[in-house]
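Peer 1: Sharing a structure, written as structure tokens. Questions coming.
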Amino acid sequence: MKRTPPLLGFLLLGLVLLGPATTAQARGRRGSRPARIAVGQVVAVQPIQGQQGAPLRALVSRIVRSRGFRPMTSLPHYDGTGQYPALAREHHVTAFVTGDVEERGKWSSITFLVWNGVSGSVIGRWTAAGPSTALGRTVGRGFWTHLGPAMQRAVPPPLPFDQQQAPPMRIDASESLRDEPIAAR
């Protein structure tokens, strides 16, 4: 039986130890969730008009949830977008997602807009088109690719002072100080 030369042994050991880290780094560059998204940021997915509106809204909500955001579907459809900054402050919404479906016979298209919660400005736009029966599949494949970077750029409004979390307190319980007895009155 032949023995492995020490240099080759160290090389194999290095590959074993660095292999998982290298693959994780490669995955980090190719579509994994970005580390800078704060878990639980709220994205309001607005109602979408039309026959395909409800299933597409549910699909977008699932996509948003799978990327670390908290979808909010309780807000009604708003006609004017001037209300978005006030709604964002009230409900602490990072971004709003709106969609508009256009149906032409057997062919449909949907245009999504991503609105920033702080300013109420459009930070992302994407139109998907295809046969009406396959529009959901098209949206599922392309939504995050086209609008994910815009949602990651969205900034939540600052919390009101009374809702901000206090910094963590540090209590040193290692000292053996005597407590004073409680005096009854």
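Convention: chains lettered A, B, ... in structure tokens order; per-chain residue numbering from 1; ligands numbered from 1 as shown.
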Excluding segment 111-119 of chain A and its own-chain neighbours fewer than 3 positions away, which residues fall within 9 Å of it when counting only C-alpha atoms? Please give them as number ranges by chain.
Peer 2: A: 43, 81, 84-89, 92-102, 122-129, 143, 147, 150-151, 153-158
Peer 1: Export, as a PDB file, in the first residue's frame, the selected residues with C-alpha atoms.
Peer 2:
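The result, written out as out.pdb:
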ATOM      1  CA  VAL A  43     -44.227  45.093   1.742  1.00  0.00           C
ATOM      2  CA  THR A  81     -50.359  57.297  -4.912  1.00  0.00           C
ATOM      3  CA  TYR A  84     -48.384  56.053   0.065  1.00  0.00           C
ATOM      4  CA  PRO A  85     -45.930  58.018   2.270  1.00  0.00           C
ATOM      5  CA  ALA A  86     -48.579  58.556   4.977  1.00  0.00           C
ATOM      6  CA  LEU A  87     -49.655  54.900   4.783  1.00  0.00           C
ATOM      7  CA  ALA A  88     -46.026  53.806   4.960  1.00  0.00           C
ATOM      8  CA  ARG A  89     -45.486  55.814   8.158  1.00  0.00           C
ATOM      9  CA  HIS A  92     -44.321  50.978   8.715  1.00  0.00           C
ATOM     10  CA  VAL A  93     -44.341  49.745   5.103  1.00  0.00           C
ATOM     11  CA  THR A  94     -41.016  49.492   3.271  1.00  0.00           C
ATOM     12  CA  ALA A  95     -42.468  49.215  -0.241  1.00  0.00           C
ATOM     13  CA  PHE A  96     -45.760  49.028  -2.114  1.00  0.00           C
ATOM     14  CA  VAL A  97     -46.269  46.642  -5.048  1.00  0.00           C
ATOM     15  CA  THR A  98     -49.041  47.471  -7.513  1.00  0.00           C
ATOM     16  CA  GLY A  99     -50.082  45.604 -10.621  1.00  0.00           C
ATOM     17  CA  ASP A 100     -52.244  46.388 -13.635  1.00  0.00           C
ATOM     18  CA  VAL A 101     -53.492  43.523 -15.841  1.00  0.00           C
ATOM     19  CA  GLU A 102     -54.344  44.101 -19.486  1.00  0.00           C
ATOM     20  CA  VAL A 122     -41.455  54.541  -8.239  1.00  0.00           C
ATOM     21  CA  ILE A 123     -38.220  52.570  -7.823  1.00  0.00           C
ATOM     22  CA  GLY A 124     -39.023  49.585 -10.040  1.00  0.00           C
ATOM     23  CA  ARG A 125     -41.155  48.732 -13.074  1.00  0.00           C
ATOM     24  CA  TRP A 126     -41.597  45.448 -14.948  1.00  0.00           C
ATOM     25  CA  THR A 127     -44.083  44.209 -17.550  1.00  0.00           C
ATOM     26  CA  ALA A 128     -44.685  40.504 -18.096  1.00  0.00           C
ATOM     27  CA  ALA A 129     -46.731  39.212 -21.013  1.00  0.00           C
ATOM     28  CA  PHE A 143     -40.784  38.803 -10.606  1.00  0.00           C
ATOM     29  CA  LEU A 147     -38.072  43.734  -9.170  1.00  0.00           C
ATOM     30  CA  ALA A 150     -35.750  47.584  -6.394  1.00  0.00           C
ATOM     31  CA  MET A 151     -37.373  46.078  -3.309  1.00  0.00           C
ATOM     32  CA  ARG A 153     -33.336  49.443  -2.288  1.00  0.00           C
ATOM     33  CA  ALA A 154     -36.645  50.445  -0.697  1.00  0.00           C
ATOM     34  CA  VAL A 155     -36.285  52.256   2.607  1.00  0.00           C
ATOM     35  CA  PRO A 156     -38.808  51.947   5.433  1.00  0.00           C
ATOM     36  CA  PRO A 157     -39.950  55.130   7.143  1.00  0.00           C
ATOM     37  CA  PRO A 158     -38.366  55.784  10.540  1.00  0.00           C
TER      38      PRO A 158
END
Peer 1: Rank nothing, just name the residue among A:Ile48, A:Ala184, A:Leu159, A:Leu135 nearest to Tyr78 of chain A, using only C-alpha atoms.
Peer 2: A:Ile48
Peer 1: Pick the closest to Arg137 of chain A from A:Phe69, A:Val45, A:Gly50, A:Val60: which is it, counting only C-alpha atoms?
Peer 2: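 Between A:Phe69, A:Val45, A:Gly50, A:Val60, the residue approaching Arg137 of chain A most closely is A:Val60.
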Peer 1: Could you pull out the alpha helix (DSSP H) residues of segment 46-82 of chain A from DSSP and send them as a CSV table (one decimal) with C-alpha atoms, in the first residue's frame?
Peer 2:
chain,number,residue,atom,x,y,z
A,53,GLY,CA,-55.7,39.6,-10.1
A,54,ALA,CA,-56.3,37.6,-7.0
A,55,PRO,CA,-54.1,34.6,-8.0
A,56,LEU,CA,-51.3,36.9,-9.1
A,57,ARG,CA,-51.5,38.9,-5.9
A,58,ALA,CA,-51.2,35.7,-3.9
A,59,LEU,CA,-48.3,34.6,-6.0
A,60,VAL,CA,-46.4,37.9,-5.5
A,61,SER,CA,-47.1,37.6,-1.7
A,62,ARG,CA,-45.5,34.2,-1.7
A,63,ILE,CA,-42.5,35.4,-3.6
A,64,VAL,CA,-42.0,38.4,-1.3
A,65,ARG,CA,-42.4,36.2,1.8
A,66,SER,CA,-39.8,33.7,0.4
Peer 1: Taking the DSSP secondary structure from the backbone, can you list the residues of segment 23-142 of chain A that are strand (DSSP E or B), as a VMD selection string?
Peer 2: chain A and resid 42 to 45 70 to 72 93 to 104 107 to 116 122 to 131
Peer 1: Given the selection you just returned, output its residues as a file containing N, CA and C atoms, formatted as a JSON list (two decimals), in the first residue's frame.
Peer 2:
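Dumped to out09.json:
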[["chain", "number", "residue", "atom", "x", "y", "z"],
["A", 42, "VAL", "N", -41.96, 45.13, 5.96],
["A", 42, "VAL", "CA", -43.31, 44.97, 5.43],
["A", 42, "VAL", "C", -43.38, 45.50, 4.01],
["A", 43, "VAL", "N", -43.96, 44.69, 3.12],
["A", 43, "VAL", "CA", -44.23, 45.09, 1.74],
["A", 43, "VAL", "C", -45.73, 44.96, 1.52],
["A", 44, "ALA", "N", -46.38, 46.06, 1.17],
["A", 44, "ALA", "CA", -47.82, 46.05, 0.92],
["A", 44, "ALA", "C", -48.05, 45.64, -0.53],
["A", 45, "VAL", "N", -48.70, 44.50, -0.72],
["A", 45, "VAL", "CA", -49.04, 44.02, -2.05],
["A", 45, "VAL", "C", -50.49, 44.44, -2.30],
["A", 70, "ARG", "N", -42.20, 40.65, 4.85],
["A", 70, "ARG", "CA", -43.53, 40.31, 5.35],
["A", 70, "ARG", "C", -44.56, 40.96, 4.46],
["A", 71, "PRO", "N", -45.29, 40.17, 3.65],
["A", 71, "PRO", "CA", -46.30, 40.80, 2.78],
["A", 71, "PRO", "C", -47.52, 41.26, 3.57],
["A", 72, "MET", "N", -48.04, 42.42, 3.21],
["A", 72, "MET", "CA", -49.26, 42.93, 3.83],
["A", 72, "MET", "C", -50.32, 43.02, 2.74],
["A", 93, "VAL", "N", -44.47, 50.50, 6.35],
["A", 93, "VAL", "CA", -44.34, 49.74, 5.10],
["A", 93, "VAL", "C", -43.07, 50.19, 4.38],
["A", 94, "THR", "N", -42.26, 49.22, 3.99],
["A", 94, "THR", "CA", -41.02, 49.49, 3.27],
["A", 94, "THR", "C", -41.29, 49.81, 1.81],
["A", 95, "ALA", "N", -42.18, 49.04, 1.18],
["A", 95, "ALA", "CA", -42.47, 49.21, -0.24],
["A", 95, "ALA", "C", -43.91, 48.83, -0.53],
["A", 96, "PHE", "N", -44.43, 49.38, -1.61],
["A", 96, "PHE", "CA", -45.76, 49.03, -2.11],
["A", 96, "PHE", "C", -45.56, 48.38, -3.48],
["A", 97, "VAL", "N", -46.30, 47.29, -3.74],
["A", 97, "VAL", "CA", -46.27, 46.64, -5.05],
["A", 97, "VAL", "C", -47.66, 46.75, -5.63],
["A", 98, "THR", "N", -47.76, 47.36, -6.82],
["A", 98, "THR", "CA", -49.04, 47.47, -7.51],
["A", 98, "THR", "C", -48.93, 46.75, -8.84],
["A", 99, "GLY", "N", -50.06, 46.29, -9.34],
["A", 99, "GLY", "CA", -50.08, 45.60, -10.62],
["A", 99, "GLY", "C", -51.31, 45.98, -11.42],
["A", 100, "ASP", "N", -51.15, 46.04, -12.74],
["A", 100, "ASP", "CA", -52.24, 46.39, -13.63],
["A", 100, "ASP", "C", -52.27, 45.36, -14.76],
["A", 101, "VAL", "N", -53.36, 44.58, -14.84],
["A", 101, "VAL", "CA", -53.49, 43.52, -15.84],
["A", 101, "VAL", "C", -54.22, 44.08, -17.06],
["A", 102, "GLU", "N", -53.71, 43.74, -18.22],
["A", 102, "GLU", "CA", -54.34, 44.10, -19.49],
["A", 102, "GLU", "C", -54.60, 42.80, -20.25],
["A", 103, "GLU", "N", -55.87, 42.51, -20.55],
["A", 103, "GLU", "CA", -56.22, 41.26, -21.23],
["A", 103, "GLU", "C", -56.64, 41.57, -22.66],
["A", 104, "ARG", "N", -56.07, 40.83, -23.60],
["A", 104, "ARG", "CA", -56.42, 40.97, -25.02],
["A", 104, "ARG", "C", -56.68, 39.58, -25.58],
["A", 107, "TRP", "N", -54.33, 36.53, -24.76],
["A", 107, "TRP", "CA", -53.03, 37.07, -24.37],
["A", 107, "TRP", "C", -53.22, 38.09, -23.26],
["A", 108, "SER", "N", -52.37, 38.08, -22.25],
["A", 108, "SER", "CA", -52.45, 39.03, -21.14],
["A", 108, "SER", "C", -51.08, 39.60, -20.84],
["A", 109, "SER", "N", -51.11, 40.79, -20.26],
["A", 109, "SER", "CA", -49.86, 41.37, -19.77],
["A", 109, "SER", "C", -50.16, 42.03, -18.43],
["A", 110, "ILE", "N", -49.15, 42.10, -17.60],
["A", 110, "ILE", "CA", -49.27, 42.75, -16.30],
["A", 110, "ILE", "C", -48.05, 43.64, -16.11],
["A", 111, "THR", "N", -48.30, 44.84, -15.63],
["A", 111, "THR", "CA", -47.23, 45.78, -15.32],
["A", 111, "THR", "C", -47.18, 45.97, -13.81],
["A", 112, "PHE", "N", -46.04, 45.66, -13.23],
["A", 112, "PHE", "CA", -45.83, 45.84, -11.79],
["A", 112, "PHE", "C", -45.03, 47.11, -11.56],
["A", 113, "LEU", "N", -45.39, 47.82, -10.50],
["A", 113, "LEU", "CA", -44.63, 48.98, -10.04],
["A", 113, "LEU", "C", -44.28, 48.75, -8.58],
["A", 114, "VAL", "N", -43.06, 49.09, -8.20],
["A", 114, "VAL", "CA", -42.62, 49.05, -6.81],
["A", 114, "VAL", "C", -42.41, 50.49, -6.38],
["A", 115, "TRP", "N", -43.10, 50.88, -5.31],
["A", 115, "TRP", "CA", -43.06, 52.24, -4.79],
["A", 115, "TRP", "C", -42.28, 52.23, -3.49],
["A", 116, "ASN", "N", -41.41, 53.21, -3.30],
["A", 116, "ASN", "CA", -40.62, 53.34, -2.08],
["A", 116, "ASN", "C", -41.52, 53.82, -0.95],
["A", 122, "VAL", "N", -41.60, 55.82, -7.57],
["A", 122, "VAL", "CA", -41.46, 54.54, -8.24],
["A", 122, "VAL", "C", -39.97, 54.19, -8.29],
["A", 123, "ILE", "N", -39.62, 53.00, -7.79],
["A", 123, "ILE", "CA", -38.22, 52.57, -7.82],
["A", 123, "ILE", "C", -38.03, 51.32, -8.66],
["A", 124, "GLY", "N", -39.13, 50.75, -9.18],
["A", 124, "GLY", "CA", -39.02, 49.59, -10.04],
["A", 124, "GLY", "C", -40.26, 49.41, -10.90],
["A", 125, "ARG", "N", -40.05, 48.95, -12.14],
["A", 125, "ARG", "CA", -41.15, 48.73, -13.07],
["A", 125, "ARG", "C", -40.82, 47.52, -13.92],
["A", 126, "TRP", "N", -41.81, 46.63, -14.12],
["A", 126, "TRP", "CA", -41.60, 45.45, -14.95],
["A", 126, "TRP", "C", -42.93, 45.03, -15.56],
["A", 127, "THR", "N", -42.90, 44.70, -16.85],
["A", 127, "THR", "CA", -44.08, 44.21, -17.55],
["A", 127, "THR", "C", -43.82, 42.78, -18.00],
["A", 128, "ALA", "N", -44.76, 41.90, -17.67],
["A", 128, "ALA", "CA", -44.68, 40.50, -18.10],
["A", 128, "ALA", "C", -45.88, 40.24, -19.00],
["A", 129, "ALA", "N", -45.66, 39.50, -20.07],
["A", 129, "ALA", "CA", -46.73, 39.21, -21.01],
["A", 129, "ALA", "C", -46.64, 37.76, -21.43],
["A", 130, "GLY", "N", -47.78, 37.22, -21.79],
["A", 130, "GLY", "CA", -47.83, 35.84, -22.25],
["A", 130, "GLY", "C", -49.26, 35.38, -22.40],
["A", 131, "PRO", "N", -49.44, 34.13, -22.77],
["A", 131, "PRO", "CA", -50.79, 33.59, -22.85],
["A", 131, "PRO", "C", -51.47, 33.71, -21.47]]
Peer 1: Kindly give the distance, in Å, that separates atom CA of Gly120 of chain A and atom CA of Pro76 of chain A, rounded to a single decimal.
Peer 2: 16.7 Å
